[in-house]
Every structure is written in structure tokens, then in C-alpha cells.
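**Q** Data: run_10.pdb, PDB, C-alpha atoms.
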ATOM      1  CA  MET N 172     202.078 138.440 240.617  1.00  0.00           C
ATOM      2  CA  GLU N 173     198.914 137.498 242.494  1.00  0.00           C
ATOM      3  CA  ILE N 174     195.786 136.036 240.924  1.00  0.00           C
ATOM      4  CA  HIS N 175     192.623 136.011 242.988  1.00  0.00           C
ATOM      5  CA  ARG N 176     189.897 133.459 242.266  1.00  0.00           C
ATOM      6  CA  GLY N 177     186.807 132.223 244.030  1.00  0.00           C
ATOM      7  CA  ARG N 178     185.240 135.548 244.969  1.00  0.00           C
ATOM      8  CA  LEU N 179     182.886 136.230 242.071  1.00  0.00           C
ATOM      9  CA  VAL N 180     180.979 133.054 241.250  1.00  0.00           C
ATOM     10  CA  ASP N 181     178.554 131.554 243.766  1.00  0.00           C
ATOM     11  CA  HIS N 182     177.586 128.571 241.614  1.00  0.00           C
ATOM     12  CA  ILE N 183     177.346 127.303 238.049  1.00  0.00           C
ATOM     13  CA  HIS N 184     174.047 125.723 236.990  1.00  0.00           C
ATOM     14  CA  LEU N 185     174.046 123.695 233.786  1.00  0.00           C
ATOM     15  CA  ARG N 186     170.900 122.310 232.197  1.00  0.00           C
ATOM     16  CA  ALA N 187     171.761 119.123 230.312  1.00  0.00           C
ATOM     17  CA  HIS N 188     170.072 117.490 227.328  1.00  0.00           C
ATOM     18  CA  ASP N 189     170.778 114.011 228.745  1.00  0.00           C
ATOM     19  CA  LEU N 190     171.324 114.107 232.508  1.00  0.00           C
ATOM     20  CA  ALA N 191     172.490 110.485 232.799  1.00  0.00           C
ATOM     21  CA  ALA N 192     175.146 110.999 230.119  1.00  0.00           C
ATOM     22  CA  SER N 193     176.217 114.300 231.692  1.00  0.00           C
ATOM     23  CA  LYS N 194     176.570 112.592 235.076  1.00  0.00           C
ATOM     24  CA  ARG N 195     178.920 110.007 233.516  1.00  0.00           C
ATOM     25  CA  PHE N 196     180.917 112.754 231.759  1.00  0.00           C
ATOM     26  CA  TYR N 197     181.356 115.016 234.802  1.00  0.00           C
ATOM     27  CA  ARG N 198     181.987 112.066 237.149  1.00  0.00           C
ATOM     28  CA  ALA N 199     184.886 110.986 234.889  1.00  0.00           C
ATOM     29  CA  VAL N 200     186.221 114.539 234.563  1.00  0.00           C
ATOM     30  CA  LEU N 201     186.122 115.237 238.314  1.00  0.00           C
ATOM     31  CA  GLN N 202     187.654 111.851 239.158  1.00  0.00           C
ATOM     32  CA  SER N 203     190.528 112.651 236.788  1.00  0.00           C
ATOM     33  CA  LEU N 204     191.154 115.867 238.779  1.00  0.00           C
ATOM     34  CA  ASP N 205     190.951 114.095 242.179  1.00  0.00           C
ATOM     35  CA  LYS N 206     187.703 115.945 242.979  1.00  0.00           C
ATOM     36  CA  ALA N 207     185.385 112.927 243.246  1.00  0.00           C
ATOM     37  CA  GLY N 208     184.910 113.559 246.974  1.00  0.00           C
ATOM     38  CA  ALA N 209     182.923 116.679 246.142  1.00  0.00           C
ATOM     39  CA  ILE N 210     180.342 114.790 244.033  1.00  0.00           C
ATOM     40  CA  GLN N 211     176.735 114.480 245.168  1.00  0.00           C
ATOM     41  CA  GLU N 212     174.051 112.849 243.018  1.00  0.00           C
ATOM     42  CA  THR N 213     170.347 112.156 243.099  1.00  0.00           C
ATOM     43  CA  ASP N 214     167.985 110.948 240.387  1.00  0.00           C
ATOM     44  CA  ASP N 215     167.318 114.541 239.303  1.00  0.00           C
ATOM     45  CA  HIS N 216     170.703 116.275 239.707  1.00  0.00           C
ATOM     46  CA  PHE N 217     174.484 116.050 239.868  1.00  0.00           C
ATOM     47  CA  SER N 218     176.535 118.487 241.935  1.00  0.00           C
ATOM     48  CA  ALA N 219     180.099 119.090 243.050  1.00  0.00           C
ATOM     49  CA  ASP N 220     180.928 122.143 245.154  1.00  0.00           C
ATOM     50  CA  GLU N 221     179.685 125.139 243.123  1.00  0.00           C
ATOM     51  CA  LEU N 222     178.624 123.061 240.092  1.00  0.00           C
ATOM     52  CA  TRP N 223     174.957 121.984 239.745  1.00  0.00           C
ATOM     53  CA  ILE N 224     173.594 120.042 236.764  1.00  0.00           C
ATOM     54  CA  ASP N 225     170.019 118.994 236.108  1.00  0.00           C
ATOM     55  CA  GLN N 226     167.804 117.961 233.209  1.00  0.00           C
ATOM     56  CA  ALA N 227     166.906 120.696 230.731  1.00  0.00           C
ATOM     57  CA  GLU N 228     163.207 121.267 230.214  1.00  0.00           C
ATOM     58  CA  GLY N 229     163.922 122.911 226.866  1.00  0.00           C
ATOM     59  CA  VAL N 230     167.103 124.841 226.060  1.00  0.00           C
ATOM     60  CA  VAL N 231     170.427 123.514 227.373  1.00  0.00           C
ATOM     61  CA  SER N 232     173.068 125.819 228.864  1.00  0.00           C
ATOM     62  CA  HIS N 233     176.120 126.995 226.940  1.00  0.00           C
ATOM     63  CA  VAL N 234     178.964 128.283 229.100  1.00  0.00           C
ATOM     64  CA  HIS N 235     182.727 128.172 229.562  1.00  0.00           C
ATOM     65  CA  LEU N 236     183.656 126.379 232.789  1.00  0.00           C
ATOM     66  CA  ALA N 237     187.250 126.014 234.016  1.00  0.00           C
ATOM     67  CA  PHE N 238     188.349 123.531 236.675  1.00  0.00           C
ATOM     68  CA  ARG N 239     191.603 124.101 238.576  1.00  0.00           C
ATOM     69  CA  ALA N 240     194.134 121.280 238.138  1.00  0.00           C
ATOM     70  CA  LYS N 241     196.950 120.522 240.594  1.00  0.00           C
ATOM     71  CA  ASP N 242     199.597 120.096 237.872  1.00  0.00           C
ATOM     72  CA  GLN N 243     200.149 119.519 234.141  1.00  0.00           C
ATOM     73  CA  ALA N 244     199.628 115.772 234.527  1.00  0.00           C
ATOM     74  CA  ALA N 245     196.143 116.448 235.945  1.00  0.00           C
ATOM     75  CA  VAL N 246     195.335 118.635 232.914  1.00  0.00           C
ATOM     76  CA  LYS N 247     196.333 115.753 230.638  1.00  0.00           C
ATOM     77  CA  ALA N 248     194.321 113.249 232.726  1.00  0.00           C
ATOM     78  CA  PHE N 249     191.279 115.556 232.526  1.00  0.00           C
ATOM     79  CA  TYR N 250     191.592 115.797 228.734  1.00  0.00           C
ATOM     80  CA  GLU N 251     191.898 112.034 228.268  1.00  0.00           C
ATOM     81  CA  ALA N 252     189.035 111.285 230.690  1.00  0.00           C
ATOM     82  CA  ALA N 253     186.774 113.877 229.054  1.00  0.00           C
ATOM     83  CA  LEU N 254     187.381 112.482 225.554  1.00  0.00           C
ATOM     84  CA  ALA N 255     186.871 108.906 226.766  1.00  0.00           C
ATOM     85  CA  ALA N 256     183.577 109.977 228.388  1.00  0.00           C
ATOM     86  CA  GLY N 257     182.214 111.380 225.122  1.00  0.00           C
ATOM     87  CA  GLY N 258     183.632 114.915 225.097  1.00  0.00           C
ATOM     88  CA  THR N 259     184.959 116.583 221.936  1.00  0.00           C
ATOM     89  CA  ASP N 260     188.440 118.073 221.598  1.00  0.00           C
ATOM     90  CA  ASN N 261     188.449 121.869 221.775  1.00  0.00           C
ATOM     91  CA  GLY N 262     192.150 122.414 222.546  1.00  0.00           C
ATOM     92  CA  ALA N 263     194.717 119.758 223.482  1.00  0.00           C
ATOM     93  CA  PRO N 264     196.818 120.130 226.656  1.00  0.00           C
ATOM     94  CA  GLY N 265     199.501 122.774 226.347  1.00  0.00           C
ATOM     95  CA  GLU N 266     200.836 126.182 227.338  1.00  0.00           C
ATOM     96  CA  ARG N 267     198.575 129.151 226.648  1.00  0.00           C
ATOM     97  CA  LYS N 268     199.482 132.848 226.264  1.00  0.00           C
ATOM     98  CA  TYR N 269     197.081 134.051 228.994  1.00  0.00           C
ATOM     99  CA  HIS N 270     199.909 134.426 231.555  1.00  0.00           C
ATOM    100  CA  PRO N 271     203.267 132.719 232.175  1.00  0.00           C
ATOM    101  CA  GLY N 272     202.761 129.147 233.361  1.00  0.00           C
ATOM    102  CA  TYR N 273     199.142 128.856 232.129  1.00  0.00           C
ATOM    103  CA  TYR N 274     198.764 125.217 231.049  1.00  0.00           C
ATOM    104  CA  ALA N 275     195.312 124.066 229.971  1.00  0.00           C
ATOM    105  CA  ALA N 276     193.154 121.736 227.894  1.00  0.00           C
ATOM    106  CA  PHE N 277     189.669 122.332 226.515  1.00  0.00           C
ATOM    107  CA  VAL N 278     186.826 119.965 225.592  1.00  0.00           C
ATOM    108  CA  LEU N 279     183.214 120.417 224.617  1.00  0.00           C
ATOM    109  CA  ASP N 280     180.883 118.453 226.881  1.00  0.00           C
ATOM    110  CA  LEU N 281     177.887 116.542 225.595  1.00  0.00           C
ATOM    111  CA  ASP N 282     175.777 119.716 225.405  1.00  0.00           C
ATOM    112  CA  GLY N 283     178.423 121.939 223.777  1.00  0.00           C
ATOM    113  CA  ASN N 284     179.714 123.666 226.932  1.00  0.00           C
ATOM    114  CA  ASN N 285     183.425 124.589 226.711  1.00  0.00           C
ATOM    115  CA  ILE N 286     185.062 122.798 229.659  1.00  0.00           C
ATOM    116  CA  GLU N 287     188.658 123.567 230.637  1.00  0.00           C
ATOM    117  CA  ALA N 288     191.190 122.219 233.106  1.00  0.00           C
ATOM    118  CA  VAL N 289     193.895 124.751 233.964  1.00  0.00           C
ATOM    119  CA  TYR N 290     197.131 124.672 235.939  1.00  0.00           C
ATOM    120  CA  HIS N 291     198.448 128.174 236.666  1.00  0.00           C
ATOM    121  CA  GLY N 292     201.928 126.976 237.586  1.00  0.00           C
ATOM    122  CA  PRO N 293     203.268 126.558 241.118  1.00  0.00           C
ATOM    123  CA  PHE N 294     201.179 128.503 243.608  1.00  0.00           C
ATOM    124  CA  VAL N 295     200.154 128.702 247.233  1.00  0.00           C
ATOM    125  CA  ALA N 296     196.413 128.931 247.845  1.00  0.00           C
ATOM    126  CA  SER N 297     195.267 131.160 250.680  1.00  0.00           C
ATOM    127  CA  ALA N 298     192.659 128.534 251.619  1.00  0.00           C
ATOM    128  CA  GLU N 299     191.591 125.056 250.511  1.00  0.00           C
ATOM    129  CA  SER N 300     187.941 126.088 250.382  1.00  0.00           C
ATOM    130  CA  VAL N 301     185.467 128.703 251.512  1.00  0.00           C
ATOM    131  CA  VAL N 302     183.347 127.598 254.461  1.00  0.00           C
ATOM    132  CA  ILE N 303     179.793 128.976 254.610  1.00  0.00           C
ATOM    133  CA  LYS N 304     177.799 128.474 257.781  1.00  0.00           C
ATOM    134  CA  PRO N 305     174.823 130.193 259.406  1.00  0.00           C
ATOM    135  CA  ALA N 306     175.565 133.393 261.290  1.00  0.00           C
ATOM    136  CA  GLU N 307     175.222 133.082 265.019  1.00  0.00           C
TER     137      GLU N 307
END
The structure in this file should be written as C-alpha cells.
**A**
Amino acid sequence: MEIHRGRLVDHIHLRAHDLAASKRFYRAVLQSLDKAGAIQETDDHFSADELWIDQAEGVVSHVHLAFRAKDQAAVKAFYEAALAAGGTDNGAPGERKYHPGYYAAFVLDLDGNNIEAVYHGPFVASAESVVIKPAE
């Protein structure tokens, strides 16, 4: 069975109620998944690869966002880091019925977004990342 990911979404933009608190939350979550190298921050935003977060000027975003984890231990580390950073339990680490080998945990972030870490079981990725550069 093949599962293809990474072709539909260009980026996720979240508008946070408290940007400083959201930065702390997502920094902890991404560090727990060994993705801290992707983090970029300024006074007015936080980003990591396709994720962009800034201060809401009114209504905050409400989405479901799933991060890929390298194994079940990373899913557990994500869950613990997210709770320690102020997240709320929305599904402890464990097997899910979505497909064989689907192991995930869910938390609500500080603005009520449903954040997931998922391990799909052993797999081989066709590429580490997509490289976008100007056409020549």
C-alpha cells in the first residue's frame, strides 16, 4: 500500500491569540519531533517549513494539523512536550483505526487547534523534502 503526502498543502497559516505563548508551544512540539532546525522566528511571526503563525487581529484559526513523527517514541515525546507547554489532551498516544500501523497522539494547542503527531509505521520516503527554486 502506498500513501502519498506533501502534494496538496502549500502552507498552513495559524493566527494565534497569544503569539509569544504559541511560539513556546510550537518550539517545544517541534523540538520533541527533532524538527527544531526548521524553525524561524521574528518578533511578529513563527515559522517552520510550511507552518506560519502570527498574531491574530481578531478571530484565531481553528484547524487540524498533523506532524509526521519518525517512530512511536517521537509521538509520545510530542504528546508529553505539548502537554508540558500548555496544550490540552485530545487523544493519548496509541494505535488508531485509520490504517494498519497508524500510531498517533492529539492535543489542543493554546488556541484550540487540534494538533497531531502521527507515525504511519515503517516506510521509505521518496524524498526528504521538496526543493522550490526560481525557474531558470
**Q** Check which residues of region 200-292 of chain N sit at most 12 Å from region 181-195 of chain N using all atoms listed in the file, and return one row each with the closest pair of atoms and their distance in Å to one decimal, ordered by chain and rising number, as JSON lines.
**A**
{"residue": "N:Val200", "atom": "CA", "partner": "N:Arg195", "partner_atom": "CA", "distance": 8.7}
{"residue": "N:Leu201", "atom": "CA", "partner": "N:Arg195", "partner_atom": "CA", "distance": 10.1}
{"residue": "N:Gln202", "atom": "CA", "partner": "N:Arg195", "partner_atom": "CA", "distance": 10.6}
{"residue": "N:Ile210", "atom": "CA", "partner": "N:Lys194", "partner_atom": "CA", "distance": 10.0}
{"residue": "N:Gln211", "atom": "CA", "partner": "N:Lys194", "partner_atom": "CA", "distance": 10.3}
{"residue": "N:Glu212", "atom": "CA", "partner": "N:Lys194", "partner_atom": "CA", "distance": 8.3}
{"residue": "N:Thr213", "atom": "CA", "partner": "N:Lys194", "partner_atom": "CA", "distance": 10.2}
{"residue": "N:Asp214", "atom": "CA", "partner": "N:Ala191", "partner_atom": "CA", "distance": 8.8}
{"residue": "N:Asp215", "atom": "CA", "partner": "N:Leu190", "partner_atom": "CA", "distance": 7.9}
{"residue": "N:His216", "atom": "CA", "partner": "N:Leu190", "partner_atom": "CA", "distance": 7.5}
{"residue": "N:Phe217", "atom": "CA", "partner": "N:Lys194", "partner_atom": "CA", "distance": 6.3}
{"residue": "N:Ser218", "atom": "CA", "partner": "N:Lys194", "partner_atom": "CA", "distance": 9.0}
{"residue": "N:Ala219", "atom": "CA", "partner": "N:His182", "partner_atom": "CA", "distance": 9.9}
{"residue": "N:Asp220", "atom": "CA", "partner": "N:His182", "partner_atom": "CA", "distance": 8.1}
{"residue": "N:Glu221", "atom": "CA", "partner": "N:His182", "partner_atom": "CA", "distance": 4.3}
{"residue": "N:Leu222", "atom": "CA", "partner": "N:Ile183", "partner_atom": "CA", "distance": 4.9}
{"residue": "N:Trp223", "atom": "CA", "partner": "N:His184", "partner_atom": "CA", "distance": 4.7}
{"residue": "N:Ile224", "atom": "CA", "partner": "N:Leu185", "partner_atom": "CA", "distance": 4.7}
{"residue": "N:Asp225", "atom": "CA", "partner": "N:Arg186", "partner_atom": "CA", "distance": 5.2}
{"residue": "N:Gln226", "atom": "CA", "partner": "N:Ala187", "partner_atom": "CA", "distance": 5.0}
{"residue": "N:Ala227", "atom": "CA", "partner": "N:Arg186", "partner_atom": "CA", "distance": 4.6}
{"residue": "N:Glu228", "atom": "CA", "partner": "N:Arg186", "partner_atom": "CA", "distance": 8.0}
{"residue": "N:Gly229", "atom": "CA", "partner": "N:His188", "partner_atom": "CA", "distance": 8.2}
{"residue": "N:Val230", "atom": "CA", "partner": "N:Arg186", "partner_atom": "CA", "distance": 7.6}
{"residue": "N:Val231", "atom": "CA", "partner": "N:Arg186", "partner_atom": "CA", "distance": 5.0}
{"residue": "N:Ser232", "atom": "CA", "partner": "N:Arg186", "partner_atom": "CA", "distance": 5.3}
{"residue": "N:His233", "atom": "CA", "partner": "N:Leu185", "partner_atom": "CA", "distance": 7.9}
{"residue": "N:Val234", "atom": "CA", "partner": "N:Leu185", "partner_atom": "CA", "distance": 8.2}
{"residue": "N:His235", "atom": "CA", "partner": "N:Ile183", "partner_atom": "CA", "distance": 10.1}
{"residue": "N:Leu236", "atom": "CA", "partner": "N:Ile183", "partner_atom": "CA", "distance": 8.3}
{"residue": "N:Ala237", "atom": "CA", "partner": "N:Ile183", "partner_atom": "CA", "distance": 10.8}
{"residue": "N:Phe238", "atom": "CA", "partner": "N:Ile183", "partner_atom": "CA", "distance": 11.7}
{"residue": "N:Ala252", "atom": "CA", "partner": "N:Arg195", "partner_atom": "CA", "distance": 10.6}
{"residue": "N:Ala253", "atom": "CA", "partner": "N:Arg195", "partner_atom": "CA", "distance": 9.8}
{"residue": "N:Leu254", "atom": "CA", "partner": "N:Arg195", "partner_atom": "CA", "distance": 11.9}
{"residue": "N:Ala255", "atom": "CA", "partner": "N:Arg195", "partner_atom": "CA", "distance": 10.5}
{"residue": "N:Ala256", "atom": "CA", "partner": "N:Arg195", "partner_atom": "CA", "distance": 6.9}
{"residue": "N:Gly257", "atom": "CA", "partner": "N:Ala192", "partner_atom": "CA", "distance": 8.7}
{"residue": "N:Gly258", "atom": "CA", "partner": "N:Ser193", "partner_atom": "CA", "distance": 9.9}
{"residue": "N:Leu279", "atom": "CA", "partner": "N:Ser193", "partner_atom": "CA", "distance": 11.7}
{"residue": "N:Asp280", "atom": "CA", "partner": "N:Ser193", "partner_atom": "CA", "distance": 7.9}
{"residue": "N:Leu281", "atom": "CA", "partner": "N:Ser193", "partner_atom": "CA", "distance": 6.7}
{"residue": "N:Asp282", "atom": "CA", "partner": "N:Ala187", "partner_atom": "CA", "distance": 6.4}
{"residue": "N:Gly283", "atom": "CA", "partner": "N:Ala187", "partner_atom": "CA", "distance": 9.7}
{"residue": "N:Asn284", "atom": "CA", "partner": "N:Leu185", "partner_atom": "CA", "distance": 8.9}
{"residue": "N:Asn285", "atom": "CA", "partner": "N:Leu185", "partner_atom": "CA", "distance": 11.8}
{"residue": "N:Ile286", "atom": "CA", "partner": "N:Leu185", "partner_atom": "CA", "distance": 11.8}
**Q** Report as a PDB file with C-alpha atoms, keeping the file's coordinate frame all protein, DNA and RNA residues lying within 9 Å of Val246 (chain N), evaluated on all atoms listed in the file, omitting residues in the same chain fewer than 5 positions from it.
**A**
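Heads up, here's the output in result-v9.pdb:
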ATOM      1  CA  SER N 203     190.528 112.651 236.788  1.00  0.00           C
ATOM      2  CA  LEU N 204     191.154 115.867 238.779  1.00  0.00           C
ATOM      3  CA  ARG N 239     191.603 124.101 238.576  1.00  0.00           C
ATOM      4  CA  ALA N 240     194.134 121.280 238.138  1.00  0.00           C
ATOM      5  CA  LYS N 241     196.950 120.522 240.594  1.00  0.00           C
ATOM      6  CA  GLU N 251     191.898 112.034 228.268  1.00  0.00           C
ATOM      7  CA  PRO N 264     196.818 120.130 226.656  1.00  0.00           C
ATOM      8  CA  GLY N 265     199.501 122.774 226.347  1.00  0.00           C
ATOM      9  CA  TYR N 274     198.764 125.217 231.049  1.00  0.00           C
ATOM     10  CA  ALA N 275     195.312 124.066 229.971  1.00  0.00           C
ATOM     11  CA  ALA N 276     193.154 121.736 227.894  1.00  0.00           C
ATOM     12  CA  GLU N 287     188.658 123.567 230.637  1.00  0.00           C
ATOM     13  CA  ALA N 288     191.190 122.219 233.106  1.00  0.00           C
ATOM     14  CA  VAL N 289     193.895 124.751 233.964  1.00  0.00           C
ATOM     15  CA  TYR N 290     197.131 124.672 235.939  1.00  0.00           C
TER      16      TYR N 290
END
**Q** Using all atoms listed in the file for the distances, tell me which of N:Phe196, N:Tyr269, N:Phe277, N:Phe294 is nearest to Asp242 (chain N).
**A** N:Phe294
**Q** Using the chain letters and numbers from this file, what does the PyMOL selection byres ((chain N and resi 291) around 6) select? Give the answer as a list in words.
**A** Gly272, Tyr273, Tyr290 and Gly292 of chain N
**Q** By how many Å are CA of Pro271 (chain N) and CA of Pro293 (chain N) apart?
**A**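 CA of Pro293 (chain N) lies at a distance of 10.9 Å from CA of Pro271 (chain N).
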**Q** Quick one: 6 Å padding each side, axis-aligned, all listed atoms of region 244-261 of chain N - centre and edge lengths in Å to one decimal, as AutoDock Vina command-line options?
**A**
--center_x 190.9 --center_y 115.4 --center_z 228.8 --size_x 29.4 --size_y 25.0 --size_z 26.3
**Q** Work out how far apart CA of Gln243 (chain N) and CA of Val302 (chain N) are and give it in Å to one decimal.
**A**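 According to the coordinates, CA of Gln243 (chain N) and CA of Val302 (chain N) are separated by 27.6 Å.
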**Q** To one decimal in Å, tell me the separation between CA of Glu299 (chain N) and CA of Tyr250 (chain N).
**A**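 Going from CA of Glu299 (chain N) over to CA of Tyr250 (chain N) covers 23.7 Å.
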**Q** Which of these, N:Asp205, N:Gly262, N:Ala298, N:His270, has the shortest distance to Ala244 (chain N) once you count all atoms listed in the file?
**A** N:Asp205
**Q** Please determine, counting only C-alpha atoms, which residue among N:Val295, N:Ala245, N:Glu307, N:Asp260 has the shortest atom-to-atom distance to Lys206 (chain N).
**A** N:Ala245
